[in-house]
Amino acid sequence: MKTVMRTRSVRRSRLRRVVLLSVVGALALTSTAYAQVLSPVIAGGPHDMTTGSALRNSITAIAGQTCVFCHVPHSGNNLIPLWNRNPPSGGAYQLYTSSTTDVTTTTAQVAASVSGACLSCHDGTIAVDVLLNVNGLPSAGGGTFTRQTTAKSSYSGTGGGTMSGGLPFLGSDLRNDHPVTVRYETARLAKPAEFVVPVVAGVKITVGATDPVPLFGASSATATIECSSCHNAHSNTLGNFLRKSNAGSAICLSCHIK
């Protein structure tokens, strides 16, 4: 009888452990899923001007919309899919030059490119709250923003103001920045020993073996290097919106053979 009771006790103890482990496992899974919800890429990050950015708005019409400063579901500028800003004029841009450069671009091409979309905030010529469409109406700016103590750039003018002084401000003098909107293949064909061959997979054109960076264009012959080749505006997991770690100059070596 004692043996039977001990056996039943052991079984009950094991059953309790199984149930406990199952509950702990379920809680762990729930916790992981919840943590993922609380770790968004845009929401709460530097490009979220409702809670995460160094410049935060309290515009009633915007009502905390995270995406509105870049994208809009209707009546956007299709330079970038559903882009909610006008491109900059680019008239005052000073572009990178070098005696070893084999390919050039123009200020108009930069302004009308994927990089122009980034520069519509970061060159300081258009106020951050001047948008094509907010709830069906254009926004000419004039909203209320609060500059956080973490801000490295200054903002002047009405509303969100134009960006100036210190990164992420780039200004119109781009001579100290990596050239953008240049045809990668033109440069590569001029010095094939110095550049990695791009890979075409469907409509995607990339460069680099590990965590390749994207080129932008309809074909490898016309695809260009843009700000978004090195930076991913939708992910700041590595800081500075980098597409991949630059340890060992990994980003540079995606394209350059050195």
# chains A, B, ... in the order shown; residues from 1 in each chain; ligands from 1

$ select_by_dssp --residues "region 27-246 of chain A" --states "alpha helix (DSSP H)" --output "PyMOL selection string"
chain A and resi 27-37+107-111+114-122+184-190+227-230

$ write_last_selection --atoms "N, CA and C atoms" --output "short mmCIF file (atom, residue, chain, number, x, y, z; two decimals), in the first residue's frame"
data_model
loop_
_atom_site.label_atom_id
_atom_site.label_comp_id
_atom_site.auth_asym_id
_atom_site.auth_seq_id
_atom_site.Cartn_x
_atom_site.Cartn_y
_atom_site.Cartn_z
N LEU A 27 3.89 31.44 -20.75
CA LEU A 27 4.18 32.82 -20.36
C LEU A 27 5.40 33.36 -21.09
N ALA A 28 6.39 32.49 -21.28
CA ALA A 28 7.60 32.92 -21.98
C ALA A 28 7.28 33.28 -23.42
N LEU A 29 6.46 32.45 -24.06
CA LEU A 29 6.07 32.73 -25.44
C LEU A 29 5.27 34.02 -25.52
N THR A 30 4.33 34.18 -24.56
CA THR A 30 3.52 35.39 -24.54
C THR A 30 4.41 36.60 -24.30
N SER A 31 5.37 36.46 -23.37
CA SER A 31 6.29 37.56 -23.07
C SER A 31 7.11 37.94 -24.30
N THR A 32 7.57 36.90 -25.05
CA THR A 32 8.35 37.17 -26.25
C THR A 32 7.52 37.91 -27.27
N ALA A 33 6.28 37.44 -27.48
CA ALA A 33 5.42 38.10 -28.46
C ALA A 33 5.12 39.52 -28.03
N TYR A 34 4.89 39.69 -26.72
CA TYR A 34 4.58 41.03 -26.22
C TYR A 34 5.78 41.95 -26.36
N ALA A 35 6.99 41.38 -26.10
CA ALA A 35 8.20 42.18 -26.24
C ALA A 35 8.38 42.64 -27.67
N GLN A 36 8.01 41.77 -28.61
CA GLN A 36 8.13 42.16 -30.01
C GLN A 36 7.20 43.31 -30.34
N VAL A 37 6.01 43.29 -29.76
CA VAL A 37 5.06 44.38 -29.97
C VAL A 37 5.61 45.67 -29.38
N THR A 107 22.65 68.03 -59.63
CA THR A 107 21.84 68.38 -58.47
C THR A 107 20.37 68.05 -58.71
N ALA A 108 19.90 68.23 -59.95
CA ALA A 108 18.50 67.92 -60.27
C ALA A 108 18.23 66.43 -60.11
N GLN A 109 19.18 65.60 -60.53
CA GLN A 109 19.00 64.15 -60.39
C GLN A 109 18.97 63.73 -58.93
N VAL A 110 19.82 64.33 -58.12
CA VAL A 110 19.83 64.01 -56.69
C VAL A 110 18.51 64.41 -56.06
N ALA A 111 18.02 65.60 -56.38
CA ALA A 111 16.77 66.09 -55.78
C ALA A 111 15.58 65.22 -56.17
N VAL A 114 15.68 58.81 -54.94
CA VAL A 114 15.36 58.24 -53.64
C VAL A 114 16.05 59.04 -52.53
N SER A 115 17.28 59.46 -52.78
CA SER A 115 18.00 60.26 -51.79
C SER A 115 17.35 61.62 -51.59
N GLY A 116 16.73 62.15 -52.65
CA GLY A 116 16.02 63.42 -52.53
C GLY A 116 14.91 63.35 -51.51
N ALA A 117 14.28 62.18 -51.41
CA ALA A 117 13.23 62.01 -50.40
C ALA A 117 13.80 62.18 -49.00
N CYS A 118 14.97 61.59 -48.75
CA CYS A 118 15.63 61.75 -47.45
C CYS A 118 16.01 63.22 -47.22
N LEU A 119 16.53 63.82 -48.27
CA LEU A 119 17.00 65.20 -48.16
C LEU A 119 15.86 66.20 -47.99
N SER A 120 14.63 65.80 -48.30
CA SER A 120 13.50 66.72 -48.13
C SER A 120 13.32 67.13 -46.68
N CYS A 121 13.91 66.37 -45.76
CA CYS A 121 14.01 66.80 -44.35
C CYS A 121 15.44 67.20 -44.02
N HIS A 122 16.38 66.36 -44.45
CA HIS A 122 17.73 66.45 -43.92
C HIS A 122 18.60 67.52 -44.57
N TYR A 184 26.05 52.83 -60.36
CA TYR A 184 27.06 51.92 -59.83
C TYR A 184 27.79 51.18 -60.94
N GLU A 185 27.05 50.69 -61.93
CA GLU A 185 27.66 49.88 -62.97
C GLU A 185 28.61 50.70 -63.85
N THR A 186 28.31 51.98 -64.01
CA THR A 186 29.22 52.85 -64.76
C THR A 186 30.57 52.93 -64.06
N ALA A 187 30.54 53.09 -62.75
CA ALA A 187 31.78 53.14 -61.98
C ALA A 187 32.48 51.79 -61.99
N ARG A 188 31.71 50.72 -61.87
CA ARG A 188 32.32 49.38 -61.83
C ARG A 188 32.99 49.03 -63.15
N LEU A 189 32.33 49.33 -64.26
CA LEU A 189 32.91 48.99 -65.56
C LEU A 189 34.17 49.80 -65.85
N ALA A 190 34.25 51.00 -65.27
CA ALA A 190 35.45 51.81 -65.45
C ALA A 190 36.64 51.22 -64.71
N CYS A 227 21.12 57.08 -50.56
CA CYS A 227 21.20 57.08 -49.09
C CYS A 227 20.70 55.75 -48.53
N SER A 228 19.62 55.24 -49.14
CA SER A 228 18.98 54.02 -48.65
C SER A 228 19.77 52.77 -48.98
N SER A 229 20.87 52.90 -49.70
CA SER A 229 21.74 51.73 -49.90
C SER A 229 22.43 51.36 -48.59
N CYS A 230 22.83 52.36 -47.84
CA CYS A 230 23.52 52.13 -46.56
C CYS A 230 22.59 52.26 -45.36
#

$ closest_atom_pairs --of "region 94-167 of chain A" --to "region 64-79 of chain A" --cutoff "9 Å" --atoms "only C-alpha atoms" --output "JSON lines"
{"residue": "A:Ala112", "atom": "CA", "partner": "A:Leu79", "partner_atom": "CA", "distance": 7.4}
{"residue": "A:Ser113", "atom": "CA", "partner": "A:Leu79", "partner_atom": "CA", "distance": 7.3}
{"residue": "A:Val114", "atom": "CA", "partner": "A:Leu79", "partner_atom": "CA", "distance": 7.2}
{"residue": "A:Ala117", "atom": "CA", "partner": "A:Leu79", "partner_atom": "CA", "distance": 7.8}
{"residue": "A:Val128", "atom": "CA", "partner": "A:Phe69", "partner_atom": "CA", "distance": 7.4}
{"residue": "A:Asp129", "atom": "CA", "partner": "A:Phe69", "partner_atom": "CA", "distance": 7.0}
{"residue": "A:Val130", "atom": "CA", "partner": "A:Phe69", "partner_atom": "CA", "distance": 8.5}
{"residue": "A:Leu131", "atom": "CA", "partner": "A:Phe69", "partner_atom": "CA", "distance": 6.9}
{"residue": "A:Leu132", "atom": "CA", "partner": "A:Gly76", "partner_atom": "CA", "distance": 6.7}
{"residue": "A:Asn133", "atom": "CA", "partner": "A:Val72", "partner_atom": "CA", "distance": 6.8}
{"residue": "A:Val134", "atom": "CA", "partner": "A:Val68", "partner_atom": "CA", "distance": 7.3}
{"residue": "A:Gly136", "atom": "CA", "partner": "A:His74", "partner_atom": "CA", "distance": 8.0}

$ atom_distance --atom1 "CA of Ser235 (chain A)" --atom2 "CA of Ala43 (chain A)"
10.2 Å

$ select_by_dssp --residues "region 92-165 of chain A" --states "strand (DSSP E or B)" --output "ChimeraX atom specification"
/A:94,130-134,137-140,145-147,154-156,162-164

$ write_last_selection --atoms "C-alpha atoms" --output "CSV table (one decimal), in the first residue's frame"
chain,number,residue,atom,x,y,z
A,94,GLN,CA,27.2,71.1,-53.9
A,130,VAL,CA,5.1,70.6,-44.5
A,131,LEU,CA,3.2,67.6,-45.9
A,132,LEU,CA,1.2,66.8,-49.0
A,133,ASN,CA,-1.8,65.2,-47.2
A,134,VAL,CA,-3.0,65.1,-43.6
A,137,LEU,CA,-5.8,68.2,-46.7
A,138,PRO,CA,-2.4,69.6,-47.4
A,139,SER,CA,-0.3,70.7,-44.4
A,140,ALA,CA,1.6,74.0,-44.9
A,145,PHE,CA,6.7,70.7,-31.8
A,146,THR,CA,8.8,70.1,-28.8
A,147,ARG,CA,12.6,69.8,-29.2
A,154,SER,CA,18.4,72.7,-34.4
A,155,TYR,CA,15.0,73.5,-35.9
A,156,SER,CA,13.9,77.0,-36.8
A,162,THR,CA,13.6,73.5,-41.0
A,163,MET,CA,16.6,71.5,-39.8
A,164,SER,CA,20.0,73.1,-39.2

$ closest_residue --among "A:His234, A:Lys204, A:Arg243, A:Lys191" --to "Ile257 (chain A)" --atoms "only C-alpha atoms"
A:Lys191

$ closest_residue --among "A:Thr224, A:Ser89, A:Thr206, A:Thr97" --to "Ser172 (chain A)" --atoms "only C-alpha atoms"
A:Ser89

$ residues_around --residues "Ile225 (chain A)" --least-positions-apart "4" --cutoff "8 Å" --atoms "only C-alpha atoms" --output "NGL selection string"
:A and (179-184 or 214-216 or 229)

$ write_last_selection --atoms "C-alpha atoms" --output "mmCIF file, in the first residue's frame"
data_model
loop_
_atom_site.group_PDB
_atom_site.id
_atom_site.type_symbol
_atom_site.label_atom_id
_atom_site.label_comp_id
_atom_site.auth_asym_id
_atom_site.auth_seq_id
_atom_site.Cartn_x
_atom_site.Cartn_y
_atom_site.Cartn_z
ATOM 1 C CA PRO A 179 28.075 60.498 -53.516
ATOM 2 C CA VAL A 180 24.501 59.434 -54.219
ATOM 3 C CA THR A 181 22.416 58.919 -57.349
ATOM 4 C CA VAL A 182 25.477 57.733 -59.262
ATOM 5 C CA ARG A 183 25.221 54.727 -61.558
ATOM 6 C CA TYR A 184 27.059 51.920 -59.826
ATOM 7 C CA PRO A 214 20.426 47.499 -52.348
ATOM 8 C CA LEU A 215 20.857 49.529 -55.513
ATOM 9 C CA PHE A 216 17.908 51.441 -56.929
ATOM 10 C CA SER A 229 21.740 51.734 -49.897
#
